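Here is the file upload07.pdb (PDB, C-alpha atoms).
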ATOM      1  CA  MET D 131      18.442  25.171 -64.426
ATOM      2  CA  ALA D 132      21.291  23.619 -62.466
ATOM      3  CA  GLU D 133      22.042  19.965 -63.137
ATOM      4  CA  ARG D 134      23.637  19.374 -59.773
ATOM      5  CA  PRO D 135      21.435  19.354 -56.663
ATOM      6  CA  ILE D 136      21.153  22.454 -54.487
ATOM      7  CA  ILE D 137      22.097  21.492 -50.933
ATOM      8  CA  LEU D 138      20.636  23.123 -47.830
ATOM      9  CA  GLY D 139      22.081  22.501 -44.379
ATOM     10  CA  ILE D 140      19.944  22.758 -41.247
ATOM     11  CA  VAL D 141      22.007  22.306 -38.086
ATOM     12  CA  GLY D 142      21.026  22.623 -34.448
ATOM     13  CA  ASP D 143      21.000  20.816 -31.142
ATOM     14  CA  SER D 144      18.637  17.944 -30.388
ATOM     15  CA  ALA D 145      14.948  18.985 -30.600
ATOM     16  CA  ALA D 146      15.810  22.473 -31.892
ATOM     17  CA  GLY D 147      13.084  22.249 -34.556
ATOM     18  CA  LYS D 148      15.114  20.973 -37.518
ATOM     19  CA  THR D 149      12.545  18.449 -38.744
ATOM     20  CA  THR D 150       9.627  20.907 -38.531
ATOM     21  CA  LEU D 151      11.530  23.474 -40.576
ATOM     22  CA  THR D 152      12.697  20.862 -43.084
ATOM     23  CA  ARG D 153       9.198  19.495 -43.604
ATOM     24  CA  GLY D 154       7.755  22.899 -44.484
ATOM     25  CA  ILE D 155      10.554  23.778 -46.902
ATOM     26  CA  ALA D 156      10.129  20.428 -48.673
ATOM     27  CA  GLN D 157       6.401  21.113 -49.049
ATOM     28  CA  VAL D 158       7.084  24.477 -50.668
ATOM     29  CA  LEU D 159       9.684  23.082 -53.073
ATOM     30  CA  GLY D 160       7.577  19.992 -53.782
ATOM     31  CA  GLU D 161       8.357  16.801 -51.904
ATOM     32  CA  HIS D 162       8.931  14.949 -55.199
ATOM     33  CA  GLU D 163      11.827  17.360 -55.862
ATOM     34  CA  VAL D 164      13.501  17.037 -52.456
ATOM     35  CA  THR D 165      15.809  14.441 -50.908
ATOM     36  CA  THR D 166      16.150  14.730 -47.138
ATOM     37  CA  ILE D 167      18.916  13.076 -45.144
ATOM     38  CA  CYS D 168      19.968  13.284 -41.492
ATOM     39  CA  THR D 169      23.620  13.371 -40.458
ATOM     40  CA  ASP D 170      22.643  11.803 -37.109
ATOM     41  CA  ASP D 171      22.398   8.503 -39.010
ATOM     42  CA  TYR D 172      26.198   8.525 -39.192
ATOM     43  CA  HIS D 173      26.760   7.650 -35.536
ATOM     44  CA  ARG D 174      29.794   5.432 -35.066
ATOM     45  CA  TYR D 175      28.333   3.610 -32.033
ATOM     46  CA  ASP D 176      24.865   2.442 -31.071
ATOM     47  CA  ARG D 177      23.144   3.566 -27.867
ATOM     48  CA  GLN D 178      24.449   0.697 -25.715
ATOM     49  CA  GLN D 179      28.013   1.158 -26.945
ATOM     50  CA  ARG D 180      27.862   4.898 -26.208
ATOM     51  CA  LYS D 181      26.637   4.169 -22.698
ATOM     52  CA  GLU D 182      29.461   1.717 -22.075
ATOM     53  CA  MET D 183      32.076   4.105 -23.478
ATOM     54  CA  GLY D 184      30.710   7.194 -21.732
ATOM     55  CA  ILE D 185      30.507   9.206 -24.955
ATOM     56  CA  SER D 186      27.569  11.222 -26.267
ATOM     57  CA  ALA D 187      26.163  11.270 -29.793
ATOM     58  CA  LEU D 188      27.050  14.969 -29.965
ATOM     59  CA  HIS D 189      30.802  14.325 -29.900
ATOM     60  CA  PRO D 190      32.494  14.269 -33.334
ATOM     61  CA  ASP D 191      34.464  11.165 -32.280
ATOM     62  CA  CYS D 192      31.115   9.378 -31.973
ATOM     63  CA  ASN D 193      30.279  10.051 -35.624
ATOM     64  CA  TYR D 194      31.718   9.128 -39.015
ATOM     65  CA  VAL D 195      32.418  12.729 -39.995
ATOM     66  CA  ASP D 196      34.665  11.568 -42.834
ATOM     67  CA  ILE D 197      31.842   9.534 -44.370
ATOM     68  CA  ILE D 198      29.501  12.525 -44.030
ATOM     69  CA  GLU D 199      32.069  14.535 -46.011
ATOM     70  CA  GLN D 200      32.299  11.860 -48.707
ATOM     71  CA  HIS D 201      28.540  11.519 -49.033
ATOM     72  CA  LEU D 202      27.965  15.278 -49.217
ATOM     73  CA  ALA D 203      30.573  15.509 -51.990
ATOM     74  CA  LEU D 204      28.861  12.712 -53.910
ATOM     75  CA  LEU D 205      25.432  14.271 -53.476
ATOM     76  CA  ARG D 206      26.718  17.617 -54.718
ATOM     77  CA  GLN D 207      27.893  15.849 -57.870
ATOM     78  CA  GLY D 208      24.456  14.278 -58.299
ATOM     79  CA  GLN D 209      25.747  10.830 -57.364
ATOM     80  CA  PRO D 210      23.854   8.285 -55.211
ATOM     81  CA  ILE D 211      24.954   7.193 -51.750
ATOM     82  CA  LEU D 212      24.346   4.200 -49.504
ATOM     83  CA  LYS D 213      23.287   6.007 -46.342
ATOM     84  CA  PRO D 214      23.362   4.401 -42.871
ATOM     85  CA  ILE D 215      20.185   4.535 -40.765
ATOM     86  CA  TYR D 216      20.187   5.012 -37.013
ATOM     87  CA  ASN D 217      16.973   3.893 -35.343
ATOM     88  CA  HIS D 218      16.187   6.440 -32.602
ATOM     89  CA  THR D 219      13.600   4.122 -31.049
ATOM     90  CA  SER D 220      15.794   1.034 -30.624
ATOM     91  CA  GLY D 221      19.110   2.861 -30.413
ATOM     92  CA  GLU D 222      20.531   0.446 -33.000
ATOM     93  CA  PHE D 223      21.265   0.559 -36.723
ATOM     94  CA  ASP D 224      18.847  -0.504 -39.440
ATOM     95  CA  PRO D 225      19.971  -1.638 -42.927
ATOM     96  CA  PRO D 226      21.428   1.199 -45.030
ATOM     97  CA  GLU D 227      19.313   2.984 -47.618
ATOM     98  CA  TYR D 228      20.148   3.732 -51.261
ATOM     99  CA  ILE D 229      19.659   7.476 -51.789
ATOM    100  CA  GLN D 230      19.485   9.145 -55.194
ATOM    101  CA  PRO D 231      19.660  12.953 -54.917
ATOM    102  CA  LYS D 232      16.812  14.954 -56.412
ATOM    103  CA  LYS D 233      16.846  18.591 -57.509
ATOM    104  CA  PHE D 234      17.149  19.758 -53.892
ATOM    105  CA  VAL D 235      18.843  18.027 -50.960
ATOM    106  CA  ILE D 236      18.140  19.042 -47.355
ATOM    107  CA  VAL D 237      20.736  17.822 -44.853
ATOM    108  CA  GLU D 238      19.708  18.196 -41.219
ATOM    109  CA  GLY D 239      21.448  17.089 -38.047
ATOM    110  CA  LEU D 240      23.736  17.836 -35.139
ATOM    111  CA  LEU D 241      27.176  18.071 -36.758
ATOM    112  CA  GLY D 242      26.588  19.108 -40.355
ATOM    113  CA  TYR D 243      29.070  22.016 -40.217
ATOM    114  CA  SER D 244      31.725  20.341 -38.071
ATOM    115  CA  SER D 245      34.378  20.213 -40.814
ATOM    116  CA  LYS D 246      35.391  22.501 -43.665
ATOM    117  CA  LEU D 247      34.915  19.780 -46.279
ATOM    118  CA  ALA D 248      31.333  19.298 -45.102
ATOM    119  CA  ARG D 249      30.637  23.049 -44.990
ATOM    120  CA  ASP D 250      31.907  23.523 -48.531
ATOM    121  CA  ALA D 251      29.222  21.177 -49.871
ATOM    122  CA  TYR D 252      26.280  23.412 -48.903
ATOM    123  CA  ASP D 253      24.728  26.183 -50.969
ATOM    124  CA  VAL D 254      22.783  27.564 -47.985
ATOM    125  CA  LYS D 255      23.550  26.997 -44.308
ATOM    126  CA  VAL D 256      20.954  27.496 -41.556
ATOM    127  CA  TYR D 257      21.468  27.163 -37.805
ATOM    128  CA  LEU D 258      18.609  26.794 -35.317
ATOM    129  CA  ALA D 259      19.177  28.454 -31.928
ATOM    130  CA  PRO D 260      16.037  28.429 -29.761
ATOM    131  CA  PRO D 261      16.404  29.455 -26.085
ATOM    132  CA  GLU D 262      17.487  26.477 -24.005
ATOM    133  CA  GLU D 263      14.310  26.615 -21.904
ATOM    134  CA  LEU D 264      12.174  26.250 -25.027
ATOM    135  CA  ARG D 265      14.386  23.524 -26.525
ATOM    136  CA  THR D 266      14.129  21.574 -23.265
ATOM    137  CA  LYS D 267      10.318  21.716 -23.455
ATOM    138  CA  TRP D 268      10.407  20.524 -27.058
ATOM    139  CA  LYS D 269      12.816  17.691 -26.256
ATOM    140  CA  ILE D 270      10.749  16.453 -23.313
ATOM    141  CA  LYS D 271       7.607  16.521 -25.445
ATOM    142  CA  ARG D 272       9.248  14.663 -28.352
ATOM    143  CA  ASP D 273      11.241  12.073 -26.424
ATOM    144  CA  THR D 274       8.425  11.144 -24.035
ATOM    145  CA  ARG D 275       5.840  10.849 -26.800
ATOM    146  CA  LYS D 276       7.906   9.309 -29.590
ATOM    147  CA  ARG D 277      11.023   7.701 -28.118
ATOM    148  CA  GLY D 278       9.811   5.981 -24.968
ATOM    149  CA  TYR D 279      11.604   8.066 -22.325
ATOM    150  CA  ASN D 280      10.185   9.591 -19.167
ATOM    151  CA  GLU D 281      10.753  13.240 -18.273
ATOM    152  CA  GLU D 282      13.524  12.633 -15.742
ATOM    153  CA  GLN D 283      15.458  10.509 -18.252
ATOM    154  CA  VAL D 284      15.271  13.325 -20.796
ATOM    155  CA  LEU D 285      16.432  15.945 -18.297
ATOM    156  CA  SER D 286      19.272  13.688 -17.133
ATOM    157  CA  ALA D 287      20.427  13.178 -20.724
ATOM    158  CA  LEU D 288      20.361  16.932 -21.343
ATOM    159  CA  ARG D 289      22.548  17.532 -18.290
ATOM    160  CA  GLN D 290      25.043  14.880 -19.365
ATOM    161  CA  ARG D 291      25.211  16.193 -22.934
ATOM    162  CA  GLU D 292      25.522  19.887 -22.041
ATOM    163  CA  PRO D 293      29.363  19.987 -22.169
ATOM    164  CA  ASP D 294      29.311  18.521 -25.705
ATOM    165  CA  SER D 295      26.512  20.889 -26.758
ATOM    166  CA  GLU D 296      28.663  23.806 -25.620
ATOM    167  CA  ALA D 297      31.861  22.436 -27.175
ATOM    168  CA  PHE D 298      30.667  21.028 -30.509
ATOM    169  CA  ILE D 299      27.096  22.013 -31.435
ATOM    170  CA  ARG D 300      26.711  25.726 -30.629
ATOM    171  CA  PRO D 301      30.055  26.813 -32.181
ATOM    172  CA  GLN D 302      28.673  25.749 -35.596
ATOM    173  CA  ARG D 303      26.456  28.831 -35.471
ATOM    174  CA  LYS D 304      29.373  30.898 -36.790
ATOM    175  CA  TRP D 305      29.395  29.023 -40.103
ATOM    176  CA  SER D 306      25.731  29.629 -40.935
ATOM    177  CA  ASP D 307      24.201  32.097 -43.398
ATOM    178  CA  VAL D 308      20.938  32.382 -41.473
ATOM    179  CA  ILE D 309      20.416  31.866 -37.728
ATOM    180  CA  VAL D 310      16.829  31.087 -36.743
ATOM    181  CA  THR D 311      15.689  31.719 -33.172
ATOM    182  CA  PHE D 312      12.082  31.008 -32.278
ATOM    183  CA  TYR D 313      11.200  32.335 -28.834
ATOM    184  CA  PRO D 314       8.102  32.943 -26.701
ATOM    185  CA  PRO D 315       6.570  36.441 -26.451
ATOM    186  CA  GLU D 316       6.999  38.478 -23.269
ATOM    187  CA  ASN D 317       3.268  38.906 -22.731
ATOM    188  CA  PRO D 318       2.326  36.327 -20.016
ATOM    189  CA  GLU D 319      -0.993  35.508 -21.704
ATOM    190  CA  GLU D 320       0.682  34.854 -25.043
ATOM    191  CA  LYS D 321       3.703  33.130 -23.472
ATOM    192  CA  ALA D 322       1.486  30.305 -22.215
ATOM    193  CA  ASN D 323       0.713  29.360 -25.834
ATOM    194  CA  ASP D 324       3.610  27.251 -27.185
ATOM    195  CA  LEU D 325       2.340  27.736 -30.739
ATOM    196  CA  LEU D 326       2.414  31.541 -30.655
ATOM    197  CA  LEU D 327       6.168  32.040 -31.031
ATOM    198  CA  ASN D 328       8.143  34.974 -32.380
ATOM    199  CA  VAL D 329      11.241  34.549 -34.529
ATOM    200  CA  ASN D 330      14.510  36.435 -34.950
ATOM    201  CA  LEU D 331      16.344  35.771 -38.213
ATOM    202  CA  VAL D 332      20.022  36.718 -38.164
ATOM    203  CA  LEU D 333      21.014  37.391 -41.779
ATOM    204  CA  ARG D 334      24.764  37.064 -42.213
ATOM    205  CA  PRO D 335      26.395  38.784 -45.214
ATOM    206  CA  THR D 336      27.806  35.450 -46.421
ATOM    207  CA  ILE D 337      24.997  35.196 -49.007
ATOM    208  CA  PRO D 338      22.950  37.991 -50.639
ATOM    209  CA  HIS D 339      19.666  38.446 -48.780
ATOM    210  CA  PRO D 340      16.515  40.121 -50.079
ATOM    211  CA  ASP D 341      16.401  43.903 -49.772
ATOM    212  CA  PHE D 342      14.316  44.406 -46.639
ATOM    213  CA  THR D 343      15.196  48.087 -46.184
ATOM    214  CA  GLU D 344      11.607  49.039 -46.983
ATOM    215  CA  ILE D 345      10.594  47.795 -43.541
ATOM    216  CA  LEU D 346      13.582  49.327 -41.751
ATOM    217  CA  ASP D 347      12.066  51.243 -38.857
ATOM    218  CA  ASP D 348      12.923  52.103 -35.277
ATOM    219  CA  ASP D 349       9.333  51.539 -34.164
ATOM    220  CA  LEU D 350       9.746  48.555 -31.823
ATOM    221  CA  SER D 351       5.968  48.207 -31.537
ATOM    222  CA  LYS D 352       5.790  46.892 -35.086
ATOM    223  CA  ALA D 353       5.236  43.147 -35.446
ATOM    224  CA  ILE D 354       7.828  42.915 -38.264
ATOM    225  CA  ARG D 355      11.106  44.773 -37.767
ATOM    226  CA  LEU D 356      14.548  44.980 -39.330
ATOM    227  CA  GLY D 357      17.530  46.098 -37.305
ATOM    228  CA  LEU D 358      21.320  46.057 -37.226
ATOM    229  CA  GLN D 359      22.924  44.068 -34.400
ATOM    230  CA  ARG D 360      26.098  42.130 -33.660
ATOM    231  CA  ASP D 361      26.333  38.359 -33.614
ATOM    232  CA  MET D 362      29.538  36.717 -32.411
ATOM    233  CA  GLY D 363      31.178  40.147 -32.671
ATOM    234  CA  LYS D 364      30.206  40.831 -36.294
ATOM    235  CA  PRO D 365      27.523  43.197 -37.657
ATOM    236  CA  VAL D 366      24.419  41.458 -38.981
ATOM    237  CA  ASP D 367      20.894  42.342 -40.052
ATOM    238  CA  VAL D 368      18.186  40.881 -37.847
ATOM    239  CA  LEU D 369      14.657  40.405 -39.148
ATOM    240  CA  ALA D 370      12.148  40.023 -36.306
ATOM    241  CA  ILE D 371       8.644  38.622 -36.875
ATOM    242  CA  ASP D 372       6.155  38.410 -34.030
ATOM    243  CA  GLY D 373       3.573  35.668 -33.728
ATOM    244  CA  HIS D 374       0.743  38.205 -33.588
ATOM    245  CA  ALA D 375       1.672  39.829 -36.914
ATOM    246  CA  THR D 376      -1.376  40.734 -38.988
ATOM    247  CA  PRO D 377      -2.029  39.402 -42.510
ATOM    248  CA  GLU D 378      -1.420  42.913 -43.909
ATOM    249  CA  GLN D 379       2.002  43.124 -42.269
ATOM    250  CA  VAL D 380       2.890  39.634 -43.439
ATOM    251  CA  GLN D 381       1.850  40.322 -47.024
ATOM    252  CA  LYS D 382       4.259  43.248 -47.266
ATOM    253  CA  LEU D 383       7.159  40.943 -46.428
ATOM    254  CA  GLU D 384       5.827  38.247 -48.740
ATOM    255  CA  ARG D 385       5.832  40.629 -51.684
ATOM    256  CA  MET D 386       9.536  41.336 -51.186
ATOM    257  CA  LEU D 387      10.292  37.614 -51.458
ATOM    258  CA  CYS D 388       7.822  36.707 -54.176
ATOM    259  CA  SER D 389       8.666  39.614 -56.489
ATOM    260  CA  GLU D 390      12.230  38.328 -56.909
ATOM    261  CA  VAL D 391      11.363  34.627 -57.148
ATOM    262  CA  PRO D 392       8.104  34.176 -59.070
ATOM    263  CA  TYR D 393       7.808  30.505 -58.062
ATOM    264  CA  LEU D 394       7.070  31.610 -54.496
ATOM    265  CA  GLY D 395       4.068  33.586 -55.712
ATOM    266  CA  GLN D 396       1.806  30.553 -55.418
ATOM    267  CA  PHE D 397       2.431  30.557 -51.673
ATOM    268  CA  CYS D 398       1.600  34.236 -51.249
ATOM    269  CA  SER D 399      -0.596  35.247 -49.623
ATOM    270  CA  LEU D 400       0.035  32.968 -46.652
ATOM    271  CA  GLU D 401      -3.409  33.682 -45.285
ATOM    272  CA  GLY D 402      -5.363  30.442 -45.513
ATOM    273  CA  ASN D 403      -2.450  28.625 -47.203
ATOM    274  CA  GLN D 404      -1.666  25.649 -44.983
ATOM    275  CA  GLU D 405       1.282  24.441 -47.063
ATOM    276  CA  VAL D 406       3.724  26.534 -45.054
ATOM    277  CA  GLY D 407       3.982  27.432 -41.394
ATOM    278  CA  LYS D 408       2.041  24.325 -40.440
ATOM    279  CA  ILE D 409       1.852  23.417 -36.747
ATOM    280  CA  VAL D 410      -0.217  20.641 -35.201
ATOM    281  CA  GLY D 411      -2.047  21.770 -32.058
ATOM    282  CA  THR D 412      -2.497  19.753 -28.886
ATOM    283  CA  THR D 413      -5.889  18.438 -30.047
ATOM    284  CA  GLY D 414      -4.600  17.519 -33.509
ATOM    285  CA  GLU D 415      -5.882  20.572 -35.350
ATOM    286  CA  THR D 416      -3.682  22.221 -37.968
ATOM    287  CA  LEU D 417      -2.669  25.786 -37.146
ATOM    288  CA  GLN D 418      -0.462  28.247 -38.981
ATOM    289  CA  SER D 419       2.430  30.268 -37.628
ATOM    290  CA  TYR D 420       3.356  33.340 -39.688
ATOM    291  CA  PRO D 421       6.907  33.467 -38.221
ATOM    292  CA  LEU D 422       7.472  29.819 -39.192
ATOM    293  CA  ALA D 423       5.888  30.278 -42.622
ATOM    294  CA  LEU D 424       7.984  33.351 -43.452
ATOM    295  CA  THR D 425      11.131  31.580 -42.223
ATOM    296  CA  GLN D 426      10.384  28.661 -44.533
ATOM    297  CA  LEU D 427       9.724  31.016 -47.453
ATOM    298  CA  LEU D 428      12.969  32.947 -46.848
ATOM    299  CA  ILE D 429      15.071  29.775 -46.812
ATOM    300  CA  THR D 430      13.289  28.488 -49.921
ATOM    301  CA  TYR D 431      14.003  31.838 -51.567
ATOM    302  CA  HIS D 432      17.720  31.301 -50.942
ATOM    303  CA  MET D 433      17.629  27.766 -52.350
ATOM    304  CA  LEU D 434      15.935  28.935 -55.542
ATOM    305  CA  LYS D 435      18.391  31.825 -55.900
ATOM    306  CA  ALA D 436      21.260  29.355 -55.433
ATOM    307  CA  MET D 437      19.799  27.170 -58.187
ATOM    308  CA  ASN D 438      19.672  30.195 -60.459
ATOM    309  CA  THR D 439      23.277  31.097 -59.687
ATOM    310  CA  ALA D 440      24.504  27.532 -60.211
ATOM    311  CA  GLY D 441      22.721  27.413 -63.562
ATOM    312  CA  LYS D 442      24.305  30.682 -64.702
ATOM    313  CA  MET D 443      27.761  29.508 -63.621
ATOM    314  CA  LYS D 444      27.314  26.325 -65.643
ATOM    315  CA  LEU D 445      26.289  28.326 -68.724
ATOM    316  CA  ALA D 446      29.274  30.633 -68.287
ATOM    317  CA  ALA D 447      31.607  27.656 -68.085
TER     318      ALA D 447
END

Rewrite the structure from the file as structure tokens, please.
Amino acid sequence: MAERPIILGIVGDSAAGKTTLTRGIAQVLGEHEVTTICTDDYHRYDRQQRKEMGISALHPDCNYVDIIEQHLALLRQGQPILKPIYNHTSGEFDPPEYIQPKKFVIVEGLLGYSSKLARDAYDVKVYLAPPEELRTKWKIKRDTRKRGYNEEQVLSALRQREPDSEAFIRPQRKWSDVIVTFYPPENPEEKANDLLLNVNLVLRPTIPHPDFTEILDDDLSKAIRLGLQRDMGKPVDVLAIDGHATPEQVQKLERMLCSEVPYLGQFCSLEGNQEVGKIVGTTGETLQSYPLALTQLLITYHMLKAMNTAGKMKLAA
């Protein structure tokens, strides 16, 4: 067992799904074992100041990147931090919060991989890259319901922030170990359902992934597929999981994860297990997405493997 925390990074643009993914992973690991922090709390200026200066929250100059680096280094050593808190409702800063790292630390936000010192603190790095059309829908839904904006204000903000998204957020994709892309199915009937999303998981060779060769197949009609593609010019494995995958197909993939990490066994089979892949429907009912659930299990797998590796390194030392 590693004494230092295992740190997971989840980076992506605004409303890319970071919080949903984080919540599910924390449930699998046990929320009492997880500390979650958001690097967006490290803004240098409040909303009014940014407006006056003409700078967006996505720009590194608008954030205390150096303090993020310091705090990540402290967390990796198991040391507490005094974390700032940015209030997304008021656009101002609340009093800072004393944070003591637990066994696992999940760090989500816009600029988590923007410097080498920050990147070096993570054991596992994930980047969320939904299609822009889908991210726009998610941002409108979130910001109109939870942050007091109207739709035109959200769309205007997206247009203004696009140059910084292109310059500073999307390039961080190249530093990730896993790239997660949820996207709607092509079938028009299924496409209308926002909850029935497929996922592509780009598995970079920067960390050892599970052996998925058992499902390697050229049959594109299968709901779960593994293929070799190129991402940013480099060869990568891509695991594709469709929203209409059957329980039998899902269980085959589960077994590959759970056989290597026995802890995950309690979450397999996913069928009927609402701890992972949880999505709240429009009427408040709880639904389950197999692509989301399997994504959460895969990332948890990597965190547990990292804990194992860190423990062995400590013993060897």

Exercise for the section: Take the PyMOL selection byres ((chain D and resi 368) around 9), apply it to the structure above, and return the hits as an MDAnalysis selection string. Expected result: chainID D and resid 330:334 355:359 366:367 369:370

Handout entry: D:Ala145, D:Met386, D:Leu241, D:Asp191 ranked by distance to Lys267 in chain D, top pick (using all atoms listed in the file)
Key = D:Ala145

Exercise for the section: Step by step, work through what the PyMOL selection byres ((chain D and resi 291) around 12) selects in the shown file, and finish by giving those residues as an MDAnalysis selection string. Expected result: chainID D and resid 143:144 184:189 284:290 292:299

Problem - Neighbour list for Tyr431 in chain D as a VMD selection string, cut-off 7 Å, only C-alpha atoms, skip fewer than 3 positions in-chain - result: chain D and resid 387 391 427 to 428 434 to 435

Handout entry: Separation of CA of Gly407 in chain D from CA of Leu326 in chain D, in Å and rounded to one decimal
Key =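 Atom-to-atom, CA of Gly407 in chain D and CA of Leu326 in chain D are spaced 11.6 Å apart.
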
Exercise for the section: Work out how far CA of Leu258 in chain D is from CA of Ile270 in chain D, in Å to one decimal. Expected result: 17.7 Å

Handout entry: Closest of D:Lys232, D:Lys271, D:His432, D:Arg385 to Arg206 in chain D - atom-to-atom distances counting only C-alpha atoms
Key =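 Smallest separation from Arg206 in chain D among the options: D:Lys232.
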
Handout entry: Distance criterion (all atoms listed in the file): nearest to Gly441 in chain D out of D:Ile354, D:Glu390, D:Ile136, D:Leu204
Key =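 Going through D:Ile354, D:Glu390, D:Ile136, D:Leu204 one by one, the smallest distance to Gly441 in chain D is for D:Ile136.
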